[in-house]
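Have a look at final.csv below; it lists CSV, C-alpha atoms and all ligand atoms.
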chain,number,residue,atom,x,y,z
T,1,MET,CA,0.0,0.0,0.0
T,2,ILE,CA,1.6,3.3,-1.1
T,3,SER,CA,0.8,6.4,0.9
T,4,LEU,CA,1.4,10.0,0.0
T,5,ASP,CA,3.6,10.3,3.1
T,6,ASP,CA,6.1,7.8,1.4
T,7,TYR,CA,7.2,10.4,-1.1
T,8,LEU,CA,5.7,13.8,-0.2
T,9,SER,CA,5.7,16.1,2.8
T,10,PRO,CA,4.8,19.7,3.5
T,11,MET,CA,8.5,20.5,2.8
T,12,THR,CA,8.0,19.4,-0.8
T,13,PHE,CA,5.8,22.4,-1.4
T,14,GLN,CA,8.0,25.1,0.1
T,15,SER,CA,8.7,28.0,-2.0
T,16,PRO,CA,12.4,28.1,-3.1
T,17,ALA,CA,14.3,31.1,-1.8
T,18,LYS,CA,16.6,31.1,-4.9
T,19,LEU,CA,15.2,30.6,-8.3
T,20,GLY,CA,17.2,31.1,-11.4
T,21,GLU,CA,18.0,29.5,-14.7
T,22,SER,CA,19.4,26.1,-14.2
T,23,GLY,CA,18.7,22.6,-15.5
T,24,TRP,CA,18.4,21.6,-11.8
T,25,LEU,CA,15.4,23.8,-11.0
T,26,GLY,CA,12.8,21.1,-11.4
T,27,HIS,CA,14.4,19.0,-8.7
T,28,ILE,CA,14.1,21.5,-5.9
T,29,PRO,CA,10.8,19.9,-4.5
T,30,PHE,CA,12.5,16.5,-4.3
T,31,ALA,CA,15.6,18.1,-2.7
T,32,PHE,CA,13.4,19.6,0.1
T,33,TRP,CA,11.8,16.2,0.7
T,34,LEU,CA,15.1,14.3,0.6
T,35,VAL,CA,16.8,16.6,3.0
T,36,GLU,CA,14.0,16.4,5.5
T,37,ARG,CA,13.6,12.6,5.3
T,38,ALA,CA,17.2,11.6,5.0
T,39,ALA,CA,18.3,14.2,7.7
T,40,PRO,CA,22.0,14.0,6.6
T,41,ARG,CA,24.6,14.8,9.1
T,42,VAL,CA,27.0,15.8,6.4
T,43,LEU,CA,26.0,16.9,2.9
T,44,VAL,CA,28.5,17.6,0.1
T,45,GLU,CA,27.8,19.0,-3.3
T,46,LEU,CA,30.3,18.7,-6.2
T,47,GLY,CA,29.4,21.4,-8.7
T,48,THR,CA,27.4,24.4,-7.5
T,49,HIS,CA,27.8,27.2,-10.0
T,50,THR,CA,25.1,29.8,-9.2
T,51,GLY,CA,23.8,27.7,-6.3
T,52,VAL,CA,20.3,26.6,-7.5
T,53,SER,CA,20.6,23.1,-6.1
T,54,TYR,CA,22.9,23.9,-3.2
T,55,LEU,CA,20.9,26.8,-1.8
T,56,ALA,CA,17.8,24.5,-2.0
T,57,PHE,CA,19.6,21.9,0.1
T,58,CYS,CA,20.6,24.6,2.6
T,59,GLN,CA,17.1,26.0,2.7
T,60,GLY,CA,15.8,22.6,3.5
T,61,VAL,CA,18.3,22.1,6.3
T,62,GLN,CA,17.4,25.4,7.8
T,63,ALA,CA,13.6,25.0,7.5
T,64,CYS,CA,13.8,21.5,9.1
T,65,ARG,CA,16.2,22.8,11.8
T,66,LEU,CA,18.6,19.9,11.1
T,67,ASP,CA,22.1,19.6,12.5
T,68,THR,CA,23.5,19.0,9.0
T,69,ARG,CA,26.9,20.4,8.0
T,70,CYS,CA,26.8,21.4,4.3
T,71,HIS,CA,29.8,21.8,1.9
T,72,ALA,CA,29.8,23.1,-1.7
T,73,VAL,CA,32.8,22.3,-3.8
T,74,ASP,CA,33.5,24.2,-7.0
T,75,THR,CA,36.3,26.1,-8.7
T,76,TRP,CA,33.6,28.6,-9.6
T,77,GLN,CA,35.4,28.9,-13.0
T,78,GLY,CA,33.0,26.7,-15.1
T,79,ASP,CA,33.7,23.8,-17.4
T,80,VAL,CA,33.2,22.7,-21.0
T,81,HIS,CA,29.5,21.8,-20.3
T,82,ALA,CA,28.4,24.5,-17.9
T,83,GLY,CA,30.6,27.1,-19.8
T,84,PHE,CA,33.3,29.2,-18.3
T,85,TYR,CA,32.5,32.2,-16.2
T,86,GLY,CA,34.0,35.0,-14.0
T,87,ASP,CA,34.2,35.8,-10.3
T,88,ASP,CA,30.8,37.6,-10.4
T,89,ILE,CA,29.1,34.2,-10.1
T,90,TYR,CA,31.0,33.3,-6.9
T,91,ASN,CA,30.6,36.8,-5.4
T,92,ALA,CA,26.8,36.7,-6.0
T,93,LEU,CA,26.6,33.3,-4.4
T,94,VAL,CA,28.5,34.4,-1.3
T,95,GLU,CA,25.8,37.0,-0.7
T,96,LEU,CA,22.9,34.5,-1.2
T,97,HIS,CA,24.7,32.0,1.0
T,98,ARG,CA,25.0,34.3,4.0
T,99,PRO,CA,21.8,33.1,5.8
T,100,TYR,CA,23.3,29.6,5.8
T,101,ALA,CA,26.9,30.4,6.8
T,102,GLY,CA,26.4,29.0,10.3
T,103,PHE,CA,26.2,25.4,9.0
T,104,SER,CA,27.6,25.6,5.5
T,105,ARG,CA,30.8,26.5,3.7
T,106,LEU,CA,31.8,27.2,0.1
T,107,LEU,CA,35.0,25.3,-0.7
T,108,ARG,CA,36.7,26.9,-3.7
T,109,GLY,CA,38.9,24.4,-5.5
T,110,THR,CA,38.8,21.1,-7.5
T,111,PHE,CA,36.8,18.1,-6.3
T,112,ASP,CA,40.1,16.2,-6.0
T,113,GLN,CA,41.6,18.9,-3.8
T,114,ALA,CA,38.6,18.8,-1.5
T,115,LEU,CA,38.8,15.0,-0.9
T,116,ASP,CA,41.3,15.1,1.9
T,117,GLY,CA,39.1,17.4,3.9
T,118,PHE,CA,36.5,14.6,4.5
T,119,ALA,CA,37.0,11.5,6.6
T,120,ASP,CA,36.1,8.1,5.1
T,121,GLY,CA,32.5,7.1,5.9
T,122,SER,CA,31.5,10.6,6.9
T,123,ILE,CA,29.1,11.8,4.2
T,124,ASP,CA,25.4,11.0,4.3
T,125,LEU,CA,24.3,12.8,1.1
T,126,LEU,CA,26.5,13.5,-1.9
T,127,HIS,CA,25.4,15.4,-5.0
T,128,ILE,CA,27.5,15.0,-8.1
T,129,ASP,CA,27.0,17.7,-10.7
T,130,GLY,CA,30.4,18.5,-12.1
T,131,ARG,CA,31.6,17.6,-15.6
T,132,HIS,CA,29.2,15.3,-17.3
T,133,ASP,CA,31.3,13.2,-19.6
T,134,TYR,CA,31.5,9.5,-18.6
T,135,ASP,CA,35.1,9.5,-17.4
T,136,SER,CA,34.7,12.6,-15.3
T,137,VAL,CA,31.5,11.5,-13.5
T,138,LYS,CA,32.9,8.0,-13.0
T,139,HIS,CA,36.0,9.5,-11.5
T,140,ASP,CA,34.0,11.8,-9.2
T,141,PHE,CA,31.8,8.8,-8.0
T,142,GLU,CA,34.7,6.4,-7.5
T,143,THR,CA,37.0,8.9,-5.6
T,144,TRP,CA,34.2,10.1,-3.3
T,145,LEU,CA,32.5,6.7,-2.7
T,146,PRO,CA,34.8,5.8,0.3
T,147,LYS,CA,33.7,9.0,1.9
T,148,LEU,CA,30.0,7.9,2.0
T,149,SER,CA,28.6,6.6,5.3
T,150,ALA,CA,26.3,3.6,6.0
T,151,ARG,CA,23.4,6.1,5.5
T,152,GLY,CA,25.0,7.2,2.2
T,153,VAL,CA,22.9,8.4,-0.7
T,154,VAL,CA,24.4,9.8,-4.0
T,155,LEU,CA,22.5,12.1,-6.4
T,156,PHE,CA,23.6,12.4,-10.0
T,157,HIS,CA,22.2,15.1,-12.2
T,158,ASP,CA,21.7,14.7,-16.0
T,159,THR,CA,21.0,11.0,-16.0
T,160,HIS,CA,18.5,11.7,-18.9
T,161,VAL,CA,20.8,13.6,-21.2
T,162,GLN,CA,22.3,11.6,-24.1
T,163,GLU,CA,23.9,14.4,-26.2
T,164,ARG,CA,26.8,16.8,-26.1
T,165,GLY,CA,29.1,14.1,-24.8
T,166,PHE,CA,27.1,13.6,-21.6
T,167,GLY,CA,27.8,10.2,-20.1
T,168,VAL,CA,26.0,10.2,-16.8
T,169,HIS,CA,23.3,8.0,-18.3
T,170,ARG,CA,25.9,5.3,-19.1
T,171,LEU,CA,27.4,5.4,-15.6
T,172,TRP,CA,23.9,5.3,-14.2
T,173,ALA,CA,23.0,2.2,-16.2
T,174,GLU,CA,26.2,0.5,-14.9
T,175,LEU,CA,25.6,1.5,-11.2
T,176,THR,CA,22.0,0.3,-11.1
T,177,GLU,CA,23.2,-3.2,-12.1
T,178,HIS,CA,25.1,-3.2,-8.8
T,179,TYR,CA,23.0,-1.1,-6.4
T,180,PRO,CA,19.4,-2.2,-6.1
T,181,GLU,CA,18.4,0.9,-4.1
T,182,ALA,CA,18.0,3.3,-7.0
T,183,PHE,CA,15.4,5.7,-8.6
T,184,ALA,CA,15.8,8.0,-11.5
T,185,PHE,CA,13.6,11.0,-12.4
T,186,ASP,CA,13.5,11.8,-16.1
T,187,HIS,CA,12.4,15.5,-15.8
T,188,SER,CA,14.8,18.4,-15.7
T,189,ASN,CA,17.6,16.4,-17.5
T,190,GLY,CA,17.2,13.5,-15.1
T,191,LEU,CA,18.2,13.0,-11.5
T,192,GLY,CA,19.5,9.6,-10.3
T,193,VAL,CA,19.1,8.8,-6.6
T,194,LEU,CA,21.4,6.0,-5.5
T,195,GLY,CA,21.5,4.3,-2.1
T,196,VAL,CA,25.0,3.2,-1.5
T,197,GLY,CA,25.0,2.7,2.3
T,198,SER,CA,24.1,-0.5,4.1
T,199,ALA,CA,21.9,1.3,6.7
T,200,LEU,CA,19.8,3.8,4.7
T,201,PRO,CA,17.4,6.0,6.6
T,202,GLU,CA,14.0,4.3,6.8
T,203,PRO,CA,12.1,6.9,4.8
T,204,VAL,CA,14.7,6.7,2.0
T,205,ARG,CA,14.6,2.9,2.0
T,206,ARG,CA,10.8,3.0,1.8
T,207,PHE,CA,11.1,5.6,-1.1
T,208,PHE,CA,13.3,3.1,-3.1
T,209,ALA,CA,10.9,0.3,-2.3
T,210,ILE,CA,7.8,2.0,-3.7
T,211,GLY,CA,9.9,3.3,-6.6
T,212,ARG,CA,10.5,-0.3,-7.6
T,213,GLU,CA,6.8,-0.9,-8.0
T,214,PRO,CA,5.4,0.4,-11.4
T,215,GLU,CA,2.5,2.2,-9.7
T,216,GLY,CA,4.8,3.8,-7.1
T,217,ALA,CA,7.4,4.8,-9.7
T,218,LYS,CA,4.6,6.4,-11.8
T,219,ARG,CA,3.2,8.3,-8.9
T,220,ILE,CA,6.6,9.6,-7.8
T,221,ALA,CA,7.6,10.6,-11.4
T,222,ASP,CA,4.3,12.2,-12.2
T,223,THR,CA,4.1,14.2,-9.0
T,224,TYR,CA,7.7,15.5,-9.0
T,225,GLY,CA,7.7,16.0,-12.8
T,226,SER,CA,4.6,18.2,-12.4
T,227,LEU,CA,6.0,20.2,-9.4
T,228,GLY,CA,9.3,20.7,-11.2
T,229,GLY,CA,7.7,21.7,-14.4
T,230,SER,CA,5.7,24.4,-12.7
T,231,LEU,CA,8.9,25.9,-11.2
T,232,GLU,CA,10.5,25.8,-14.6
T,233,ARG,CA,7.5,27.6,-16.2
T,234,ARG,CA,7.6,30.2,-13.4
T,235,VAL,CA,11.3,31.0,-14.0
T,236,ALA,CA,10.8,31.1,-17.8
T,237,ALA,CA,7.9,33.6,-17.4
T,238,GLU,CA,10.0,35.8,-15.0
T,239,THR,CA,12.9,35.7,-17.4
T,240,GLU,CA,10.7,36.7,-20.3
T,241,LEU,CA,9.2,39.5,-18.2
T,242,GLN,CA,12.7,40.8,-17.5
T,243,ARG,CA,13.6,40.6,-21.1
T,244,LEU,CA,10.5,42.5,-22.1
T,245,ARG,CA,11.1,45.1,-19.4
T,246,SER,CA,14.5,45.9,-20.7
T,247,SER,CA,13.4,46.1,-24.3
T,248,SER,CA,12.3,49.3,-26.0
T,249,SER,CA,9.0,47.8,-27.0
T,250,TRP,CA,8.1,47.8,-23.2
T,251,ARG,CA,7.3,51.5,-23.4
T,252,LEU,CA,4.6,50.7,-26.0
T,253,THR,CA,3.0,48.0,-23.9
T,254,ARG,CA,2.5,50.2,-20.8
T,255,PRO,CA,-1.2,49.3,-20.3
T,256,LEU,CA,-0.2,45.6,-20.2
T,257,ARG,CA,2.4,46.1,-17.4
T,258,GLY,CA,-0.1,46.0,-14.5
T,259,LEU,CA,-1.6,42.9,-16.0
T,260,ALA,CA,1.8,41.2,-16.3
T,261,ASP,CA,2.8,42.1,-12.8
T,262,SER,CA,-0.4,40.8,-11.3
T,263,LEU,CA,0.0,37.6,-13.3
T,264,ARG,CA,3.5,37.2,-11.9
T,265,ARG,CA,2.3,37.7,-8.3
T,266,SER,CA,-0.5,35.2,-8.7
D,301,LIG,C1,26.5,21.9,-14.1
D,301,LIG,S1,27.3,23.1,-13.0
D,301,LIG,C2,26.6,22.9,-11.5
D,301,LIG,C3,25.1,23.3,-11.5
D,301,LIG,C4,24.5,23.4,-10.2
D,301,LIG,N1,24.5,22.2,-9.4
D,301,LIG,C5,23.1,24.0,-10.3
D,301,LIG,O1,22.2,23.7,-9.4
D,301,LIG,O2,22.8,24.7,-11.2
D,301,LIG,C6,28.9,22.3,-12.9
D,301,LIG,C7,29.9,23.1,-12.0
D,301,LIG,O3,30.9,22.2,-11.7
D,301,LIG,C8,32.2,22.8,-11.6
D,301,LIG,N2,33.2,21.8,-11.8
D,301,LIG,C9,33.3,20.9,-12.8
D,301,LIG,N3,34.3,20.1,-12.6
D,301,LIG,C10,34.9,20.4,-11.5
D,301,LIG,C11,36.0,19.9,-10.7
D,301,LIG,N4,36.7,18.9,-11.1
D,301,LIG,N5,36.4,20.6,-9.6
D,301,LIG,C12,35.7,21.7,-9.2
D,301,LIG,N6,34.6,22.2,-9.8
D,301,LIG,C13,34.2,21.6,-11.0
D,301,LIG,C14,32.1,23.9,-12.6
D,301,LIG,O4,32.9,25.0,-12.3
D,301,LIG,C15,30.6,24.3,-12.6
D,301,LIG,O5,30.3,25.4,-11.9
Here is a file; write its structure as structure tokens.
Ligand SMILES: C[S@@+](CC[C@H](N)C(=O)[O-])C[C@H]1O[C@@H](n2cnc3c(N)ncnc32)[C@H](O)[C@@H]1O
Amino acid sequence: MISLDDYLSPMTFQSPAKLGESGWLGHIPFAFWLVERAAPRVLVELGTHTGVSYLAFCQGVQACRLDTRCHAVDTWQGDVHAGFYGDDIYNALVELHRPYAGFSRLLRGTFDQALDGFADGSIDLLHIDGRHDYDSVKHDFETWLPKLSARGVVLFHDTHVQERGFGVHRLWAELTEHYPEAFAFDHSNGLGVLGVGSALPEPVRRFFAIGREPEGAKRIADTYGSLGGSLERRVAAETELQRLRSSSSWRLTRPLRGLADSLRRS
């Protein structure tokens, strides 16, 4: 018997504090749920960029009043897939990150350089979202795997992308041969959720169990696909509104401005 409580909670429906263009946007509702239900003691993200995923994890930790220590690792220089960028991205993130500085830190450097800062068996939740070619994501998984605890869960973004040299889907297919506790969302480029620990938190274990049943998998995928889609549409509408506002034709559409603003607020 599948209950809504197995994959949803009031946290799922929290409004994200940071919304911005990112292929990760649509996974924020699940991030809130996972942080609440897994209650990780240590959370590490490999690949943070503007912070859409990481700030959602931090928001979840703060809203649930958890004792989680959070760590974001990135060079904040970009890569071939995300594109290369300047210090303005890191500086903006430092400001957005201030409310979470009591339990979270931004580690500027490579993933390999950060490894020594974490004891083996210490990380409960690891999010891998760096370079997406097969060799890189495999390297990131294999080098960080010893750091995972018995409660360990690993998230992989872009499991559903099969172009531009992305190879996460290939690694995901291999890993799910060996790890039975696994679930993959297809929306927002795909998010793989992999249980690697031998003593997963009970709500997470239950999530994987219902995800193995066709009806459960469909309910989870439909619910989070729809919640994620509505966040993506909201950001797309806000981006379009910004674009319109800065265009010269905006002056000609003055009567429509009030209508657009009230639509945005609704
Ligand atoms: C796809 S972006 C992360 C997106 C982010 N999670 C979000 O929510 O939008 C990938 C990031 O990983 C970083 N990166 C890639 N490989 C890295 C490595 N080996 N060490 C440190 N940072 C790396 C890049 O600088 C880039 O900012």
Between atom CA of T:Gly121 and atom CA of T:Ala38, distance in Å (one decimal):
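Computed distance, atom CA of T:Gly121 to atom CA of T:Ala38, equals 16.0 Å.
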Env. residues ligand LIG 301 (chain D) / 8 Å / only C-alpha atoms and all ligand atoms / as a VMD selection string:
chain T and resid 21 to 25 45 to 54 73 to 79 81 to 84 108 to 113 128 to 132 136 140 157
Residues near stretch 181-184 of chain T, anyone? I mean within 7 Å using all atoms listed in the file, not counting same-chain ones fewer than 6 positions away, as a ChimeraX atom specification.
/T:190-195,208,211
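Minimum atom-to-atom distance to T:Glu95, evaluated using all atoms listed in the file, belongs to T:Leu55 out of T:Asp120, T:Leu55, T:Val80, T:Gly60.
Omitting T:Thr68 and its sequence neighbours fewer than 3 positions away, and counting only C-alpha atoms, the residues within 12 Å are Val35, Glu36, Ala38, Ala39, Pro40, Arg41, Val42, Leu43, Val44, Phe57, Cys58, Gln59, Gly60, Val61, Gln62, Ala63, Cys64, Arg65, His71, Tyr100, Gly102, Phe103, Ser104, Arg105, Ser122, Ile123, Asp124 and Leu125 of chain T.
For the pair atom CA of T:Phe166 and atom CA of T:Asp133, the interatomic distance is 4.7 Å.
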Expressed in Å to a single decimal, how great is the separation between atom CA of T:Leu106 and atom CA of T:Arg233?
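Going from atom CA of T:Leu106 over to atom CA of T:Arg233, I get 29.3 Å.
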Could you add whatever atoms are missing so that stretch 35-70 of chain T carries N, CA and C atoms, then write the result as a PDB file, in the coordinates of the input?
ATOM      1  N   VAL T  35      16.091  16.062   1.893  1.00  0.00           N
ATOM      2  CA  VAL T  35      16.800  16.600   3.000  1.00  0.00           C
ATOM      3  C   VAL T  35      16.060  16.358   4.316  1.00  0.00           C
ATOM      4  N   GLU T  36      14.766  16.597   4.260  1.00  0.00           N
ATOM      5  CA  GLU T  36      14.000  16.400   5.500  1.00  0.00           C
ATOM      6  C   GLU T  36      13.978  14.928   5.901  1.00  0.00           C
ATOM      7  N   ARG T  37      13.731  14.035   4.958  1.00  0.00           N
ATOM      8  CA  ARG T  37      13.600  12.600   5.300  1.00  0.00           C
ATOM      9  C   ARG T  37      14.880  11.884   5.539  1.00  0.00           C
ATOM     10  N   ALA T  38      15.938  12.299   4.842  1.00  0.00           N
ATOM     11  CA  ALA T  38      17.200  11.600   5.000  1.00  0.00           C
ATOM     12  C   ALA T  38      17.970  12.242   6.228  1.00  0.00           C
ATOM     13  N   ALA T  39      17.646  13.488   6.559  1.00  0.00           N
ATOM     14  CA  ALA T  39      18.300  14.200   7.700  1.00  0.00           C
ATOM     15  C   ALA T  39      19.801  13.951   7.694  1.00  0.00           C
ATOM     16  N   PRO T  40      20.515  14.285   6.627  1.00  0.00           N
ATOM     17  CA  PRO T  40      22.000  14.000   6.600  1.00  0.00           C
ATOM     18  C   PRO T  40      22.734  14.731   7.637  1.00  0.00           C
ATOM     19  N   ARG T  41      23.748  14.080   8.191  1.00  0.00           N
ATOM     20  CA  ARG T  41      24.600  14.800   9.100  1.00  0.00           C
ATOM     21  C   ARG T  41      25.652  15.603   8.374  1.00  0.00           C
ATOM     22  N   VAL T  42      26.106  15.056   7.249  1.00  0.00           N
ATOM     23  CA  VAL T  42      27.000  15.800   6.400  1.00  0.00           C
ATOM     24  C   VAL T  42      26.535  15.697   4.941  1.00  0.00           C
ATOM     25  N   LEU T  43      26.431  16.846   4.292  1.00  0.00           N
ATOM     26  CA  LEU T  43      26.000  16.900   2.900  1.00  0.00           C
ATOM     27  C   LEU T  43      27.085  17.599   2.093  1.00  0.00           C
ATOM     28  N   VAL T  44      27.443  17.005   0.952  1.00  0.00           N
ATOM     29  CA  VAL T  44      28.500  17.600   0.100  1.00  0.00           C
ATOM     30  C   VAL T  44      27.918  17.691  -1.327  1.00  0.00           C
ATOM     31  N   GLU T  45      28.138  18.855  -1.942  1.00  0.00           N
ATOM     32  CA  GLU T  45      27.800  19.000  -3.300  1.00  0.00           C
ATOM     33  C   GLU T  45      29.054  19.235  -4.160  1.00  0.00           C
ATOM     34  N   LEU T  46      29.208  18.467  -5.232  1.00  0.00           N
ATOM     35  CA  LEU T  46      30.300  18.700  -6.200  1.00  0.00           C
ATOM     36  C   LEU T  46      29.747  19.329  -7.421  1.00  0.00           C
ATOM     37  N   GLY T  47      29.954  20.615  -7.547  1.00  0.00           N
ATOM     38  CA  GLY T  47      29.400  21.400  -8.700  1.00  0.00           C
ATOM     39  C   GLY T  47      28.248  22.204  -8.284  1.00  0.00           C
ATOM     40  N   THR T  48      28.487  23.495  -8.034  1.00  0.00           N
ATOM     41  CA  THR T  48      27.400  24.400  -7.500  1.00  0.00           C
ATOM     42  C   THR T  48      27.055  25.522  -8.348  1.00  0.00           C
ATOM     43  N   HIS T  49      28.005  26.062  -9.091  1.00  0.00           N
ATOM     44  CA  HIS T  49      27.800  27.200 -10.000  1.00  0.00           C
ATOM     45  C   HIS T  49      27.002  28.298  -9.342  1.00  0.00           C
ATOM     46  N   THR T  50      25.815  28.656  -9.810  1.00  0.00           N
ATOM     47  CA  THR T  50      25.100  29.800  -9.200  1.00  0.00           C
ATOM     48  C   THR T  50      24.392  29.387  -7.886  1.00  0.00           C
ATOM     49  N   GLY T  51      24.305  28.086  -7.605  1.00  0.00           N
ATOM     50  CA  GLY T  51      23.800  27.700  -6.300  1.00  0.00           C
ATOM     51  C   GLY T  51      22.316  27.216  -6.311  1.00  0.00           C
ATOM     52  N   VAL T  52      21.730  26.985  -7.475  1.00  0.00           N
ATOM     53  CA  VAL T  52      20.300  26.600  -7.500  1.00  0.00           C
ATOM     54  C   VAL T  52      20.073  25.343  -6.660  1.00  0.00           C
ATOM     55  N   SER T  53      20.838  24.296  -6.899  1.00  0.00           N
ATOM     56  CA  SER T  53      20.600  23.100  -6.100  1.00  0.00           C
ATOM     57  C   SER T  53      21.144  23.244  -4.686  1.00  0.00           C
ATOM     58  N   TYR T  54      22.327  23.825  -4.538  1.00  0.00           N
ATOM     59  CA  TYR T  54      22.900  23.900  -3.200  1.00  0.00           C
ATOM     60  C   TYR T  54      22.128  24.750  -2.234  1.00  0.00           C
ATOM     61  N   LEU T  55      21.650  25.886  -2.718  1.00  0.00           N
ATOM     62  CA  LEU T  55      20.900  26.800  -1.800  1.00  0.00           C
ATOM     63  C   LEU T  55      19.537  26.109  -1.466  1.00  0.00           C
ATOM     64  N   ALA T  56      19.031  25.254  -2.342  1.00  0.00           N
ATOM     65  CA  ALA T  56      17.800  24.500  -2.000  1.00  0.00           C
ATOM     66  C   ALA T  56      18.101  23.507  -0.869  1.00  0.00           C
ATOM     67  N   PHE T  57      19.245  22.827  -0.959  1.00  0.00           N
ATOM     68  CA  PHE T  57      19.600  21.900   0.100  1.00  0.00           C
ATOM     69  C   PHE T  57      19.736  22.691   1.436  1.00  0.00           C
ATOM     70  N   CYS T  58      20.419  23.825   1.369  1.00  0.00           N
ATOM     71  CA  CYS T  58      20.600  24.600   2.600  1.00  0.00           C
ATOM     72  C   CYS T  58      19.278  25.133   3.131  1.00  0.00           C
ATOM     73  N   GLN T  59      18.410  25.569   2.231  1.00  0.00           N
ATOM     74  CA  GLN T  59      17.100  26.000   2.700  1.00  0.00           C
ATOM     75  C   GLN T  59      16.341  24.924   3.391  1.00  0.00           C
ATOM     76  N   GLY T  60      16.436  23.723   2.838  1.00  0.00           N
ATOM     77  CA  GLY T  60      15.800  22.600   3.500  1.00  0.00           C
ATOM     78  C   GLY T  60      16.334  22.287   4.844  1.00  0.00           C
ATOM     79  N   VAL T  61      17.648  22.339   4.964  1.00  0.00           N
ATOM     80  CA  VAL T  61      18.300  22.100   6.300  1.00  0.00           C
ATOM     81  C   VAL T  61      17.834  23.110   7.284  1.00  0.00           C
ATOM     82  N   GLN T  62      17.808  24.373   6.873  1.00  0.00           N
ATOM     83  CA  GLN T  62      17.400  25.400   7.800  1.00  0.00           C
ATOM     84  C   GLN T  62      15.927  25.317   8.186  1.00  0.00           C
ATOM     85  N   ALA T  63      15.091  25.073   7.183  1.00  0.00           N
ATOM     86  CA  ALA T  63      13.600  25.000   7.500  1.00  0.00           C
ATOM     87  C   ALA T  63      13.320  23.816   8.376  1.00  0.00           C
ATOM     88  N   CYS T  64      14.061  22.726   8.240  1.00  0.00           N
ATOM     89  CA  CYS T  64      13.800  21.500   9.100  1.00  0.00           C
ATOM     90  C   CYS T  64      14.590  21.553  10.373  1.00  0.00           C
ATOM     91  N   ARG T  65      15.380  22.618  10.575  1.00  0.00           N
ATOM     92  CA  ARG T  65      16.200  22.800  11.800  1.00  0.00           C
ATOM     93  C   ARG T  65      17.058  21.515  12.042  1.00  0.00           C
ATOM     94  N   LEU T  66      17.727  21.072  10.984  1.00  0.00           N
ATOM     95  CA  LEU T  66      18.600  19.900  11.100  1.00  0.00           C
ATOM     96  C   LEU T  66      19.979  20.302  11.575  1.00  0.00           C
ATOM     97  N   ASP T  67      20.737  19.313  12.042  1.00  0.00           N
ATOM     98  CA  ASP T  67      22.100  19.600  12.500  1.00  0.00           C
ATOM     99  C   ASP T  67      23.123  19.360  11.350  1.00  0.00           C
ATOM    100  N   THR T  68      22.648  19.364  10.122  1.00  0.00           N
ATOM    101  CA  THR T  68      23.500  19.000   9.000  1.00  0.00           C
ATOM    102  C   THR T  68      24.617  20.063   8.765  1.00  0.00           C
ATOM    103  N   ARG T  69      25.812  19.558   8.451  1.00  0.00           N
ATOM    104  CA  ARG T  69      26.900  20.400   8.000  1.00  0.00           C
ATOM    105  C   ARG T  69      26.944  20.295   6.470  1.00  0.00           C
ATOM    106  N   CYS T  70      26.893  21.426   5.779  1.00  0.00           N
ATOM    107  CA  CYS T  70      26.800  21.400   4.300  1.00  0.00           C
ATOM    108  C   CYS T  70      28.135  21.967   3.713  1.00  0.00           C
TER     109      CYS T  70
END
